[in-house]
Every structure is written in structure tokens, then in C-alpha cells.
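Engineer: To start, I am sharing the structure in question, which I have written as C-alpha cells.
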Amino acid sequence: MKNFKLITTLQILIFFSSCNFLLEETPVDTLQENELSSEHIQSLVRGVYHTLADCTPAGLILNDCLGEIIENNSNNGSLVNANIAHNNFSSDNSFVENYYYHFYSVIHQANYVLNYLSTKSDLSNISNRQMIGSLHYLRAYCYLKLVTQFGNVPISTQITEEVIPRSPASDVWQLIKDDLDIAITQCRSWDQAPPEFPTAARYYYYASSEAASALLARVYLYNKEYNKAKSIARRFLEDSRFQLIPAANMAASAVGVGPKELIMCISNNTGAYYYRNIFNTYAMTPSGSYQFKPSQSFIDSMDPTDARYTLCIGQSNDGYTTVNKFNYNSVSTCPFTISRFTEMYLIFAECAPDESGLEKLNYLRSERNLPPLDKKILNDPSKYIDAILDERKFEFYGENHYFYDLVRLGKALDKLVYTKNKYQFLLPIPQSQVNLGLKQNPGYF
């Protein structure tokens with residue numbers, strides 16, 4: 001798949017879905033398209049979720065490493081991890097290549113199933129429409145990761161054998177918005193069972209209309225369409241189905257798994273190294289490889305009275321400082337959060353640099369045992385943005401936001417040590433793609 005010849009065979013897709021951790025029935029790999037039942041289609045859709053879940057754990061914390069709030073453990077870390085933590089990449093870097101191909105693998109699978117559902121299934125069937133909506137959501141999420149990390153990227157919405165040139169980032173952003181608009185219209189409700197897994201106990205593992213709305217609010221925020229982002233955030237804040245986790249309950253809900261907090265997550269338990277295990281030491285339960293740890297600058301920046309302090313920063317029983325946020329049970333698996341309700345407070349606050357926005361920011365701070373900010377901060381827009389950034393840094397620690405937050409708000413060069421030039425705001429295009437004719441990002445060779 002290094003030459004981006006897209007997945008076009010049913011057999012390959014069935015194989016991907018066969019190792020899906022949510023799939024209970026025995027899959028078959030000899031079916032032809034005209035033999036597919038609704039159960040087989042549901043299996044293929046779950047296979048797309050599976051591929052997204054099978055991300056390298058380092059990819060799930062990339063923005064925290066580049067943002068220098070999580071660093072590699074130099075005593076037990078690879079050169080690849082050091083490159084990630086120091087924003088030191090070349091076009092032939094193996095992590096960058098795998099990261100790039102991971103998202104396109106999801107996109108290619110989603111395109112295949114979308115093509116089948118759109119041309120060969122009964123579109124009056126609500127389950128089929130909901131699955132189409134969820135695939136548009138997953139594709140939008142992948143393109144969001146690609147455009148924020150690589151800038152201009154190839155747009156693939158159809159099955160093709162052709163090498164696809166890079167499209168302007170503005171076109172990618174528009175595709176993301178279009179896909180999310182479809183997902184909002186066609187996905188099932190957040191509190192309804194998904195058609196691809198009707199017996200699911202936790203519905204927030206599957207795309208919903210609300211998950212698409214939450215992601216669209218983030219997209220509008222990133223594109224400085226503040227009124228649109230604020231409008232979506234307000235609707236969430238007025239929706240009684242969602243609730244901020246209070247400080248007293250945070251120890252049991254370290255990654256926002258409260259029933260009214262989590263909007264969308266991916267269960268990262270399919271790879272050789274589980275998400276949480278890269279933070280744990282050998283002596284912890286479950287044991288881990290301790291590849292990454294909190295940076296000292298992050299530890300120094302955090303108020304010990306903050307209710308999130310012991311969630312973010314832990315001490316292992318063998319004396320090492322660890323990322324503690326994902327160590328709330330003894331099971332190796334741990335979900336990776338895409339969207340949760342708390343983000344709506346911070347989106348609203350950033351989009352409303354006035355007393356209404358400060359009110360939302362201070363409410364969140366009060367729920368984290370922090371004092372309110374004086375309204376005089378509104379007189380200095382830069383200080384207000386710094387306050388937003390701090391809350392995002394602490395609230396979403398380990399959830400892959402911080403570096404891009406610094407970049408989009410113009411703070412990266414001022415606040416970071418290893419990011420010294422603007423070209424480092426983007427990752428290099430993998431050399432294998434450059435060899436096919438794609439133009440490399442400036443600053444890389």
C-alpha cells in the first residue's frame with residue numbers, strides 16, 4: 001500500500017474486520033459482493049473502526065510530545081521516540097511514514113464500504129444510512145489528523161488505482177466539513193445503539209450525530225469560524241444529557257469515561273503495545289515499557305492543588321514519575337478519547353473573549369479546584385489566550401491536542417524549545433510518496 005493503490009478487494013476488507021475486537025461471529029473471506037448480507041456489511045464497518053484503533057500508541061500522543069509536555073524516556077526510549085519528542089524528523093522517518101499510511105488505510109477502507117453502501121444497498125434502510133454517516137465521520141476524523149499534521153494532502157473519496165496529487169489544505173478542510181455535515185444528518189443518536197453493533201454496552205465507541213457535531217465545533221474553531229463553533233458548543237452546554245465530571249469524581253473517570261462526559265472514543269487495544277503501556281513501568285500493573293513520561297516543564301507548570309494534578313502525574317511503586325491519567329484500572333486496554341463534553345466549555349470560552357466566555361472558563365476552573373480569573377484578563381487578549389491554552393494543556397493532557405493548539409494560536413515558537421522554525425509546524429511527507437511525485441513540505445529534504 002506504499003504506492004497508495006487503494007484497497008479494492010472484498011477479501012482484504014473481510015480480513016481487516018476479522019480481527020476486530022468487537023466482532024464475535026466467525027468472518028468469511030470467500031464471499032462475493034452479491035452474497036453480502038447486512039451482518040457482513042456491519043462487520044466491514046466495524047473493520048474500519050478496528051483499523052483506526054490499531055494506531056501506534058506514539059501517534060496518539062504526538063501533539064503532546066511535540067508540545068513538550070510528554071517526553072521520551074531516554075533510558076528506555078528508541079531513537080524514533082527521541083525524534084518525536086524533539087520534533088526532529090526527516091522524510092524517511094519510519095514513524096512519520098507509518099502515521100501517514102495509518103490514516104490513509106482507514107480512509108481507503110471507508111471509501112470502499114461507502115461505495116458499496118451507496119451503490120448496492122437499500123438507502124431507505126435507516127441502518128444503512130446510519131452506517132454511511134459513521135463512515136463519513138471516520139473519514140473526516142482521519143483527514144483532520146492529516147491536514148493538521150501534514151498540511152496539503154491527497155484527497156481520496158473514490159476507489160482508484162491512480163496516484164493522487166496533494167490538494168490545498170482549504171479543500172481538505174472543506175471535505176472534512178462536508179463529511180461531518182453528512183454524519184450529523186445520518187448518524188444515529190449518541191444514546192442509541194449503533195447498527196454496526198446493536199448490542200454495544202457503550203455507545204460512545206461508535207460515531208453519532210453528536211460526535212460529528214462535537215468534531216465540527218473543533219473544526220470551526222481551528223478555522224477561526226468562531227460564531228459557528230460557539231453555536232455548537234452552546235447547544236452542548238444546554239443539553240442535559242451531558243455533564244462535566246466534578247473534581248470529586250475525577251479519580252474514577254481519568255479519561256472522561258463518565259456516562260455523561262464522553263462523546264466519542266476509540267478503544268485502542270489492538271496493537272502490540274497498548275496505549276497506556278507506553279507510560280507504565282515494568283513494576284506497575286499492567287506492566288509497560290515506560291517509553292514516555294511527563295516532561296519536567298509540564299510538572300513545573302501545574303498547580304499541585306489542581307484536581308487534575310494526580311491524574312496527569314503519578315509515581316510508580318518503583319520510584320518513577322509517570323503519566324498517570326490512563327492508569328485508572330488494572331486492565332491493559334484503554335480508550336483513546338476523540339471528543340468529550342469538557343471541550344465545549346473551552347471552545348465556547350475561546351470563541352467568546354468576553355464575560356460570557358470567561359464565565360465558562362471560570363466554571364471549569366472551579367470544577368478543577370482552581371480560583372477564578374479576574375475579568376481584567378479580558379483587557380489583554382494574549383493573556384486570555386494563554387489562560388485558554390493552559391486549561392487545554394491540563395484538561396486534555398495525553399489526548400493529543402497541545403502542539404496544534406500552540407501552532408494555530410501563534411504561540412509555538414515562543415513556548416517551545418525544540419520547535420525553532422515554522423517549517424516544523426508540519427511533518428514531512430513520507431519519502432515513498434515524494435518518490436511517486438508528491439511535493440515535499442518546505443524545510444525537509
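Identifiers in this document derive from the order of the C-alpha cells: chains are assigned A, B, ..., residues are numbered from 1 separately in each chain, and ligands are numbered from 1 in order of occurrence.
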Leaving out Asn75 of chain A and any residue of its chain fewer than 3 positions from it, which residues lie within 10 Å of it when counting only C-alpha atoms, given as a list in words?

Structural biologist: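 Answer for this query is Asn72, Ser78, Tyr290 and Gln291 of chain A.
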
Engineer: How close does segment 304-345 of chain A get to segment 63-71 of chain A? List, as a tab-separated table, each residue of segment 304-345 of chain A within 12 Å, its nearest atom pair and the distance in Å to one decimal, counting only C-alpha atoms.

Structural biologist:
residue	atom	partner	partner_atom	distance
A:Cys312	CA	A:Ile70	CA	10.4
A:Ile313	CA	A:Ile70	CA	10.6
A:Thr321	CA	A:Ile70	CA	11.4
A:Thr322	CA	A:Ile70	CA	9.8
A:Val323	CA	A:Ile70	CA	8.2
A:Asn324	CA	A:Ile70	CA	11.8

Engineer: Go ahead and save the picked residues with C-alpha atoms, as a compact mmCIF listing (two decimals), in the first residue's frame.

Structural biologist:
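Contents of again-v1.txt, freshly written:
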# COMPACT_ATOMS: atom_id res chain seq x y z
CA CYS A 312 -1.77 13.63 34.98
CA ILE A 313 1.33 13.00 37.09
CA THR A 321 7.36 9.70 37.54
CA THR A 322 4.66 8.54 35.16
CA VAL A 323 1.77 9.75 33.07
CA ASN A 324 -0.97 8.63 35.43

Engineer: Could you give me, as a list in words, the residues within 9 Å of Arg308 of chain A, counting only C-alpha atoms and dropping anything in the same chain fewer than 3 positions from it?

Structural biologist: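 Listed by chain and then number, they are Ala247, Met250, Ala251, Ala254, Met302, Pro304, Thr305, Leu311, Cys312, Ile313, Lys325, Arg368, Asn369, Phe394 and Glu395 of chain A.
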
Engineer: If you keep C-alpha atoms, can you produce a file of those selected residues as a PDB file, in the first residue's frame?

Structural biologist:
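File written: out_24.pdb
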ATOM      1  CA  ALA A 247     -13.365  17.191  40.743  1.00  0.00           C
ATOM      2  CA  MET A 250     -12.200  12.555  38.529  1.00  0.00           C
ATOM      3  CA  ALA A 251     -10.150   9.743  40.044  1.00  0.00           C
ATOM      4  CA  ALA A 254      -9.466   9.788  34.354  1.00  0.00           C
ATOM      5  CA  MET A 302       0.931  22.593  37.003  1.00  0.00           C
ATOM      6  CA  PRO A 304      -0.481  20.863  42.792  1.00  0.00           C
ATOM      7  CA  THR A 305      -3.913  21.930  44.057  1.00  0.00           C
ATOM      8  CA  LEU A 311      -4.429  12.293  37.300  1.00  0.00           C
ATOM      9  CA  CYS A 312      -1.770  13.633  34.981  1.00  0.00           C
ATOM     10  CA  ILE A 313       1.327  13.000  37.094  1.00  0.00           C
ATOM     11  CA  LYS A 325      -4.032   9.726  33.522  1.00  0.00           C
ATOM     12  CA  ARG A 368     -10.862  21.641  38.964  1.00  0.00           C
ATOM     13  CA  ASN A 369     -10.285  23.322  42.354  1.00  0.00           C
ATOM     14  CA  PHE A 394      -4.012  20.396  31.655  1.00  0.00           C
ATOM     15  CA  GLU A 395      -7.507  19.199  30.743  1.00  0.00           C
TER      16      GLU A 395
END

Engineer: Just the number, please: distance in Å from atom CA of Glu391 of chain A to atom CA of Leu409 of chain A, one decimal.

Structural biologist: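 Computing the Euclidean distance for atom CA of Glu391 of chain A and atom CA of Leu409 of chain A yields 14.1 Å.
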
Engineer: Determine the nearest neighbour of Phe279 of chain A from the options A:Ile61, A:Leu52, A:Leu146, A:Ile155, counting only C-alpha atoms.

Structural biologist: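 Closest residue, counting only C-alpha atoms: A:Ile61.
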
Engineer: Rank A:Lys120, A:Phe403, A:Leu413, A:Pro442 by their smallest atom-to-atom distance to Ile84 of chain A, using only C-alpha atoms, and report the top residue only.

Structural biologist: A:Phe403

Engineer: Which residue is closest to Tyr222 of chain A? Choose from A:Ile245, A:Leu406, A:Met284, A:Val48 and count only C-alpha atoms.

Structural biologist: A:Leu406

Engineer: For a quick check of understanding, using only C-alpha atoms, which of A:Gln109, A:Ser240, A:Thr285, A:Gln433 has the smallest distance to Thr51 of chain A?

Structural biologist: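 Closest candidate: A:Gln109.
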
Engineer: Go through segment 144-234 of chain A and collect every residue that DSSP, computed from the backbone, puts in strand (DSSP E); the answer should be as a CSV table (one decimal) with N, CA, C and O atoms, in the first residue's frame.

Structural biologist:
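The resulting file, result-v1.csv, is reproduced below:
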chain,number,residue,atom,x,y,z
A,153,VAL,N,-2.7,17.6,1.5
A,153,VAL,CA,-2.6,16.2,1.4
A,153,VAL,C,-3.5,15.7,0.3
A,153,VAL,O,-4.5,16.4,-0.1
A,154,PRO,N,-3.3,14.5,-0.3
A,154,PRO,CA,-4.1,14.0,-1.3
A,154,PRO,C,-5.6,13.7,-0.8
A,154,PRO,O,-5.7,13.3,0.4
A,166,ARG,N,-1.4,16.1,-4.1
A,166,ARG,CA,-1.8,16.8,-2.9
A,166,ARG,C,-2.8,17.9,-3.3
A,166,ARG,O,-2.6,18.6,-4.3
A,167,SER,N,-3.8,18.1,-2.4
A,167,SER,CA,-4.8,19.2,-2.6
A,167,SER,C,-4.5,20.3,-1.6
A,167,SER,O,-3.9,20.0,-0.5

Engineer: Would you return as a ChimeraX atom specification the members of segment 153-367 of chain A that DSSP assigns to helix (DSSP H, G or I) on this structure's backbone?

Structural biologist: /A:169-186,203-205,209-222,226-237,247-252,276-278,296-301,309-312,342-351,355-366

Engineer: Which residues are close to segment 172-174 of chain A, i.e. within 8 Å by only C-alpha atoms, leaving aside same-chain residues fewer than 6 positions away? Reply as a PDB file with C-alpha atoms, in the first residue's frame.

Structural biologist:
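New file result01.pdb:
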ATOM      1  CA  TYR A 143      -8.442  13.948   7.240  1.00  0.00           C
ATOM      2  CA  LEU A 144      -8.472  16.261  10.260  1.00  0.00           C
ATOM      3  CA  VAL A 147      -4.340  18.237   7.370  1.00  0.00           C
ATOM      4  CA  ASN A 152      -1.817  19.879   1.870  1.00  0.00           C
ATOM      5  CA  VAL A 153      -2.595  16.181   1.399  1.00  0.00           C
ATOM      6  CA  ILE A 155      -7.941  13.824  -1.223  1.00  0.00           C
ATOM      7  CA  VAL A 219     -13.038  22.198  13.007  1.00  0.00           C
TER       8      VAL A 219
END

Engineer: Mind pulling up the distance from atom CA of Ala211 of chain A to atom CA of Thr119 of chain A?

Structural biologist: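 A separation of 25.8 Å between them.
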
Engineer: Considering only C-alpha atoms, return as a VMD selection string whatever protein or nucleic-acid residues lie within 9 Å of Gln243 of chain A, sequence-local ones (same chain, fewer than 4 positions apart) excluded.

Structural biologist: chain A and resid 237 239 258 to 261 341 to 342

Engineer: Generate a file of the selected residues that holds C-alpha atoms, formatted as a PDB file, in the first residue's frame.

Structural biologist:
ATOM      1  CA  LEU A 237     -23.769  23.085  27.163  1.00  0.00           C
ATOM      2  CA  ASP A 239     -28.079  19.623  26.597  1.00  0.00           C
ATOM      3  CA  GLY A 258     -18.224   9.258  32.832  1.00  0.00           C
ATOM      4  CA  PRO A 259     -21.556   8.330  31.218  1.00  0.00           C
ATOM      5  CA  LYS A 260     -22.400  11.984  30.548  1.00  0.00           C
ATOM      6  CA  GLU A 261     -18.910  13.227  29.703  1.00  0.00           C
ATOM      7  CA  PHE A 341     -18.106  17.336  26.866  1.00  0.00           C
ATOM      8  CA  THR A 342     -15.461  19.422  28.666  1.00  0.00           C
TER       9      THR A 342
END

Engineer: Counting only C-alpha atoms, what is within 8 Å of Ser90 of chain A, bar same-chain residues fewer than 3 positions away, as a list in words?

Structural biologist: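 In the requested format, the answer is Asn93, Pro428, Tyr444 and Phe445 of chain A.
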
Engineer: Produce a file of the selected residues containing C-alpha atoms, as a short mmCIF file (atom, residue, chain, number, x, y, z; two decimals), in the first residue's frame.

Structural biologist:
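Output contents, as saved in out16.cif:
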data_model
loop_
_atom_site.label_atom_id
_atom_site.label_comp_id
_atom_site.auth_asym_id
_atom_site.auth_seq_id
_atom_site.Cartn_x
_atom_site.Cartn_y
_atom_site.Cartn_z
CA ASN A 93 11.43 8.64 9.29
CA PRO A 428 7.46 15.83 6.27
CA TYR A 444 12.57 18.88 4.52
CA PHE A 445 14.84 17.03 2.13
#

Engineer: Considering only C-alpha atoms, state which residue in the set A:Ser339, A:Ser43, A:Gln296, A:Ser156 is at the smallest distance from Arg218 of chain A.

Structural biologist: A:Ser339

Engineer: Using only C-alpha atoms, can you tell me which of A:Leu426, A:Ile338, A:Leu215, A:Ala169 comes closest to Cys265 of chain A?

Structural biologist: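 Among the listed residues, the smallest separation from Cys265 of chain A belongs to A:Ile338.
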
Engineer: In Å, rounded to a single decimal, give me how far atom CA of Glu359 of chain A is from atom CA of Asp191 of chain A.

Structural biologist: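 Computing it gives 28.7 Å between the two atoms.
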